[in-house]
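Peer 1: Here you go, one structure.
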Amino acid sequence: MQRMPAEWERQQCVLMSFPHEDTDWADKEDEKALKEALSPFIRIAQAIAYGQAVYIICKDKNKVASMFCSPRNLTFIEIPTNDTWIRDYGYISIKEDEKNTLLDFIFDGWGGKFEASLDNSVNSTLHKKGYMGTTPLKNIGFVLEGGSIESDGEGTILTTSQCLCHPNRNGGVSKEEIEETLKKNLGAERILWLDYGYLAGDDTDSHVDTLARFVNSHTIVYVKCDNPDDEHYEALQNMEKQLHTFRTLEGKPYTLIALPMTEPIYNTSGQRLPSTYANFLICNDALLYPTYQDKSDKIVHTIFKDLFPDKEIIPIACLKLIEQGGSLHCSTMQIAY
């Protein structure tokens with residue numbers, strides 16, 4: 001039997017990839033830019049490391065290690081990278097007869113938008129270095145990003161048609177071919193397709209982890225827009241309506257929990273940034289969620305505390321992350337235990 005574990009299942013470690021001088025995080029005209037960019041990554045790694053191992057991929061392991069007060073649960077690994085969004089190029093864990101297997105799909109920079117050859121080789125390099133032990137690695141000749149899929153651990157994959165069916169991924173293969181590939185490689189019994197929803201400033205063509213997430217096998221949290229004047233209103237209203245039509249494997253409606261939108265946040269060029277509370281990370285003993293100095297930050301804290309009463313709920317300031325188009329979940333990838 002083959003399946004893709006849910007994020008709330010026990011994790012062996014979490015992968016991260018840190019900014020360095022050769023990434024877009026560095027600004028030749030502003031020496032402080034890279035240091036400021038590193039701050040949320042350090043905070044995320046420290047929060048995870050309180051309860052489990054974190055493998056940090058970086059350019060200079062001694063330099064990065066010196067940024068932490070304690071090395072507990074932190075492993076620093078030198079591997080060349082283009083960027084930091086390891087959710088989309090890191091391993092996807094599956095269970096085969098409940099034994100771990102790591103899948104290495106093709107990462108092409110979200111449909112060729114950015115150079116990604118180094119990022120695409122991280123998984124094979126990390127495996128050759130022995131950090132994954134004897135866990136087998138399978139290379140899959142198909143473009144798929146980790147942020148584009150959600151698993152309930154029981155055979156259901158939630159995704160978006162705008163991303164997976166985009167012609168810049170896999171040459172525009174049919175939805176039926178995509179379903180076949182996901183069922184074959186992830187052990188999926190069925191695919192739930194969201195046909196609506198997007199975030200302005202998002203380079204991923206509507207990754208599901210910015211819009212809607214499983215928090216257990218019968219509950220989905222999702223981004224809700226209540227402002228008719230917001231550009232997202234119509235698309236997110238349609239997404240909400242479609243979520244109401246989805247059914248669990250037992251044929252029951254999902255419990256749907258709405259996450260508020262932040263007030264619009266813009267960069268210095270006037271472009272709206274993709275701030276979303278859906279980009280949280282479930283860890284073994286904690287839930288990390290992004291904050292944006294917004295009035296809804298505290299509301300979301302309460303929502304997550306109610307959903308995960310046995311976990312520590314940890315806010316992480318992520319305004320710097322969304323300047324580069326991603327957030328908390330995008331910068332991490334869990335490896336199943």
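Ordering of the structure tokens sets the chain letters (A, B, ...); residue numbers start at 1 within each chain; ligands are numbered from 1 in the order shown.
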Residues near Val208 (chain A), anyone? I mean within 9 Å using only C-alpha atoms, not counting same-chain ones fewer than 5 positions away, as a ChimeraX atom specification.
Peer 2: /A:147-150,158-160,163,194,197,213,278
Peer 1: Could you write out that same residue set with C-alpha atoms as a compact mmCIF listing (two decimals), in the first residue's frame?
Peer 2:
# COMPACT_ATOMS: atom_id res chain seq x y z
CA GLY A 147 3.24 23.62 -2.30
CA SER A 148 0.81 22.64 -5.04
CA ILE A 149 -0.58 19.57 -3.25
CA GLU A 150 -2.21 18.81 0.11
CA LEU A 158 -6.25 18.60 -2.70
CA THR A 159 -4.82 20.78 -5.47
CA THR A 160 -5.64 23.58 -7.92
CA CYS A 163 -1.37 25.36 -11.22
CA LEU A 194 -10.04 23.67 -6.75
CA GLY A 197 -8.74 31.19 -6.08
CA ARG A 213 -5.26 23.32 3.71
CA ALA A 278 -2.95 29.54 4.94
Peer 1: Excluding Tyr222 (chain A) and any residue of its chain fewer than 3 positions from it, enumerate the residues within 8 Å of it, using only C-alpha atoms, and give them as a ChimeraX atom specification.
Peer 2: /A:211-213,240,256-259,278
Peer 1: Show me, as JSON, numbers by chain, the residues that have an atom within 9 Å of Pro136 (chain A) when counting only C-alpha atoms, minus same-chain residues fewer than 6 positions from it.
Peer 2: {"A": [100, 101, 102, 103, 127]}
Peer 1: Since we have the selection now, will you write its residues out, keeping N, CA and C atoms, as an mmCIF file, in the first residue's frame?
Peer 2:
data_model
loop_
_atom_site.group_PDB
_atom_site.id
_atom_site.type_symbol
_atom_site.label_atom_id
_atom_site.label_comp_id
_atom_site.auth_asym_id
_atom_site.auth_seq_id
_atom_site.Cartn_x
_atom_site.Cartn_y
_atom_site.Cartn_z
ATOM 1 N N ASN A 100 9.225 4.592 4.646
ATOM 2 C CA ASN A 100 9.453 5.857 3.948
ATOM 3 C C ASN A 100 10.113 5.675 2.594
ATOM 4 N N THR A 101 9.646 6.450 1.626
ATOM 5 C CA THR A 101 10.314 6.628 0.342
ATOM 6 C C THR A 101 10.282 8.114 0.021
ATOM 7 N N LEU A 102 11.367 8.618 -0.543
ATOM 8 C CA LEU A 102 11.447 10.029 -0.909
ATOM 9 C C LEU A 102 11.319 10.168 -2.417
ATOM 10 N N LEU A 103 10.452 11.072 -2.840
ATOM 11 C CA LEU A 103 10.246 11.316 -4.261
ATOM 12 C C LEU A 103 10.908 12.623 -4.662
ATOM 13 N N HIS A 127 20.809 13.435 -0.850
ATOM 14 C CA HIS A 127 20.717 11.984 -0.665
ATOM 15 C C HIS A 127 22.090 11.333 -0.812
#
Peer 1: Which is closer to Ile265 (chain A) than all the others in A:Pro315, A:Gly201, A:Pro71, A:Gly109, using only C-alpha atoms?
Peer 2: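 Nearest to Ile265 (chain A): A:Gly201.
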Peer 1: From the list A:Leu287, A:Ile191, A:Ala49, A:Cys58, which residue is nearest Glu176 (chain A) when using only C-alpha atoms?
Peer 2: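 Ranked by minimum distance to Glu176 (chain A), first place goes to A:Ile191.
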Peer 1: Between A:Thr75, A:Thr291, A:Thr204, A:Thr302, which one has atoms that come closest to Ala45 (chain A), using only C-alpha atoms?
Peer 2: A:Thr75
Peer 1: Excluding Ile322 (chain A) and its own-chain neighbours fewer than 6 positions away, which residues fall within 7 Å of it when counting only C-alpha atoms? Please give them as an MDAnalysis selection string.
Peer 2: chainID A and resid 273:275
Peer 1: Could you save those same residues with C-alpha atoms as a JSON list (two decimals), in the first residue's frame?
Peer 2:
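Below you can see selection-v3.json, which holds the result:
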[["chain", "number", "residue", "atom", "x", "y", "z"],
["A", 273, "LEU", "CA", 2.14, 41.08, -1.97],
["A", 274, "PRO", "CA", 0.72, 37.56, -1.42],
["A", 275, "SER", "CA", 0.07, 37.64, 2.32]]
Peer 1: Which of these, A:Thr181, A:Glu231, A:Asp195, A:Thr156, has the shortest distance to Arg247 (chain A) once you count only C-alpha atoms?
Peer 2: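 Of A:Thr181, A:Glu231, A:Asp195, A:Thr156, the one nearest Arg247 (chain A) is A:Thr156, counting only C-alpha atoms.
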Peer 1: Taking only residues of region 17-104 of chain A that have an atom at most 10 Å from an atom of region 119-122 of chain A, what is each one's shortest atom pair and its distance in Å to one decimal, using only C-alpha atoms, in chain and number order, as CSV?
Peer 2:
residue,atom,partner,partner_atom,distance
A:Ser17,CA,A:Asp119,CA,9.6
A:Ile57,CA,A:Val122,CA,8.8
A:Ile79,CA,A:Val122,CA,6.9
A:Pro80,CA,A:Val122,CA,7.6
A:Thr81,CA,A:Asp119,CA,5.1
A:Asn82,CA,A:Asp119,CA,5.7
A:Asp83,CA,A:Asp119,CA,6.9
A:Thr84,CA,A:Asp119,CA,8.5
A:Trp85,CA,A:Asp119,CA,8.9
A:Ile86,CA,A:Asp119,CA,8.0
A:Asp88,CA,A:Asp119,CA,9.3
A:Tyr89,CA,A:Asn120,CA,6.2
A:Gly90,CA,A:Val122,CA,7.4
A:Tyr91,CA,A:Val122,CA,9.2
A:Asp104,CA,A:Asn120,CA,8.7
Peer 1: Next, dump the selected residues to file, keeping only C-alpha atoms, as a PDB file, in the first residue's frame.
Peer 2:
ATOM      1  CA  SER A  17      17.219  26.451   2.536  1.00  0.00           C
ATOM      2  CA  ILE A  57      20.892  23.877   3.404  1.00  0.00           C
ATOM      3  CA  ILE A  79      24.697  22.618  -1.141  1.00  0.00           C
ATOM      4  CA  PRO A  80      24.451  25.220  -3.950  1.00  0.00           C
ATOM      5  CA  THR A  81      20.970  26.720  -4.426  1.00  0.00           C
ATOM      6  CA  ASN A  82      19.228  29.309  -6.567  1.00  0.00           C
ATOM      7  CA  ASP A  83      16.566  30.224  -4.025  1.00  0.00           C
ATOM      8  CA  THR A  84      15.017  29.374  -0.680  1.00  0.00           C
ATOM      9  CA  TRP A  85      11.551  27.942  -1.399  1.00  0.00           C
ATOM     10  CA  ILE A  86      12.324  24.322  -0.533  1.00  0.00           C
ATOM     11  CA  ASP A  88       8.582  23.335  -3.953  1.00  0.00           C
ATOM     12  CA  TYR A  89      11.837  21.508  -4.705  1.00  0.00           C
ATOM     13  CA  GLY A  90      12.386  19.420  -1.575  1.00  0.00           C
ATOM     14  CA  TYR A  91      11.540  15.743  -1.233  1.00  0.00           C
ATOM     15  CA  ASP A 104      12.265  13.775  -6.342  1.00  0.00           C
TER      16      ASP A 104
END
Peer 1: Restricting the calculation to only C-alpha atoms: of A:Pro253, A:Pro40, A:Gly187, A:Gly325, which residue gets closest to Gly153 (chain A)?
Peer 2: A:Gly187
Peer 1: Nearest to Met333 (chain A) among A:Lys320, A:Arg87, A:Lys59, A:Lys32, with distances taken over only C-alpha atoms: which residue is it?
Peer 2: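 Once distances to Met333 (chain A) are computed over only C-alpha atoms, the minimum belongs to A:Arg87.
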Peer 1: Can you list every residue in region 196-284 of chain A that DSSP puts in alpha helix (DSSP H), as a list in words?
Peer 2: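 Matching residues for alpha helix (DSSP H) in region 196-284 of chain A are Tyr233, Glu234, Ala235, Leu236, Gln237, Asn238, Met239, Glu240, Lys241, Gln242, Leu243, His244 and Thr245 of chain A.
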Peer 1: By how many Å are CA of Ser66 (chain A) and CA of Ser331 (chain A) apart?
Peer 2: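 CA of Ser331 (chain A) lies at a distance of 20.4 Å from CA of Ser66 (chain A).
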Peer 1: What's the 8 Å shell around Asp205 (chain A), counting only C-alpha atoms, without same-chain residues fewer than 6 positions away, as a list of chain:residue names?
Peer 2: A:Trp110, A:Gln162, A:Cys163, A:His166, A:Tyr198
Peer 1: In Å to one decimal, how far is CA of His244 (chain A) from CA of Thr276 (chain A)?
Peer 2: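 CA of His244 (chain A) lies 20.6 Å from CA of Thr276 (chain A).
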Peer 1: What does the distance from CA of Leu307 (chain A) to CA of Asn216 (chain A) come to in Å, to one decimal?
Peer 2: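 Taking CA of Leu307 (chain A) and CA of Asn216 (chain A), their separation equals 9.3 Å.
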Peer 1: Can you list, as a PDB file with C-alpha atoms, in the first residue's frame, every protein, DNA or RNA residue that comes within 12 Å of Leu249 (chain A) when you count only C-alpha atoms, leaving out same-chain residues fewer than 6 positions away?
Peer 2:
ATOM      1  CA  ASP A 152      -5.110  14.086   4.171  1.00  0.00           C
ATOM      2  CA  GLY A 153      -2.937  10.980   4.690  1.00  0.00           C
ATOM      3  CA  GLU A 154      -5.827   8.736   3.698  1.00  0.00           C
ATOM      4  CA  GLY A 155      -5.698   8.909  -0.076  1.00  0.00           C
ATOM      5  CA  THR A 156      -7.146  12.348  -0.844  1.00  0.00           C
ATOM      6  CA  ILE A 157      -5.031  14.996  -2.592  1.00  0.00           C
ATOM      7  CA  ALA A 188      -3.867   8.885  -4.154  1.00  0.00           C
ATOM      8  CA  GLU A 189      -7.324   7.394  -4.366  1.00  0.00           C
ATOM      9  CA  ARG A 190      -8.874  10.642  -5.558  1.00  0.00           C
ATOM     10  CA  ILE A 191      -8.021  14.248  -6.407  1.00  0.00           C
ATOM     11  CA  LEU A 192     -10.072  17.229  -5.232  1.00  0.00           C
ATOM     12  CA  SER A 217      -9.042  14.271   7.462  1.00  0.00           C
ATOM     13  CA  HIS A 218     -12.414  15.997   7.732  1.00  0.00           C
TER      14      HIS A 218
END
Peer 1: So that I can check the surroundings of Glu98 (chain A), please list as a list of chain:residue names every protein, DNA and RNA residue that reaches within 9 Å of it, counting only C-alpha atoms and ignoring chain neighbours fewer than 4 positions away.
Peer 2: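 Using only C-alpha atoms, the neighbours found are A:Met1, A:Gln2, A:Arg3, A:Ile94.
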Peer 1: Would you please extract all strand (DSSP E) residues from region 155-288 of chain A, as assigned by DSSP on the backbone, and give them as JSON, numbers by chain?
Peer 2: {"A": [156, 157, 158, 159, 160, 190, 191, 192, 193, 194, 212, 213, 214, 215, 216, 219, 220, 221, 222, 223, 224, 255, 256, 257, 258, 259, 260, 281, 282, 286, 287, 288]}
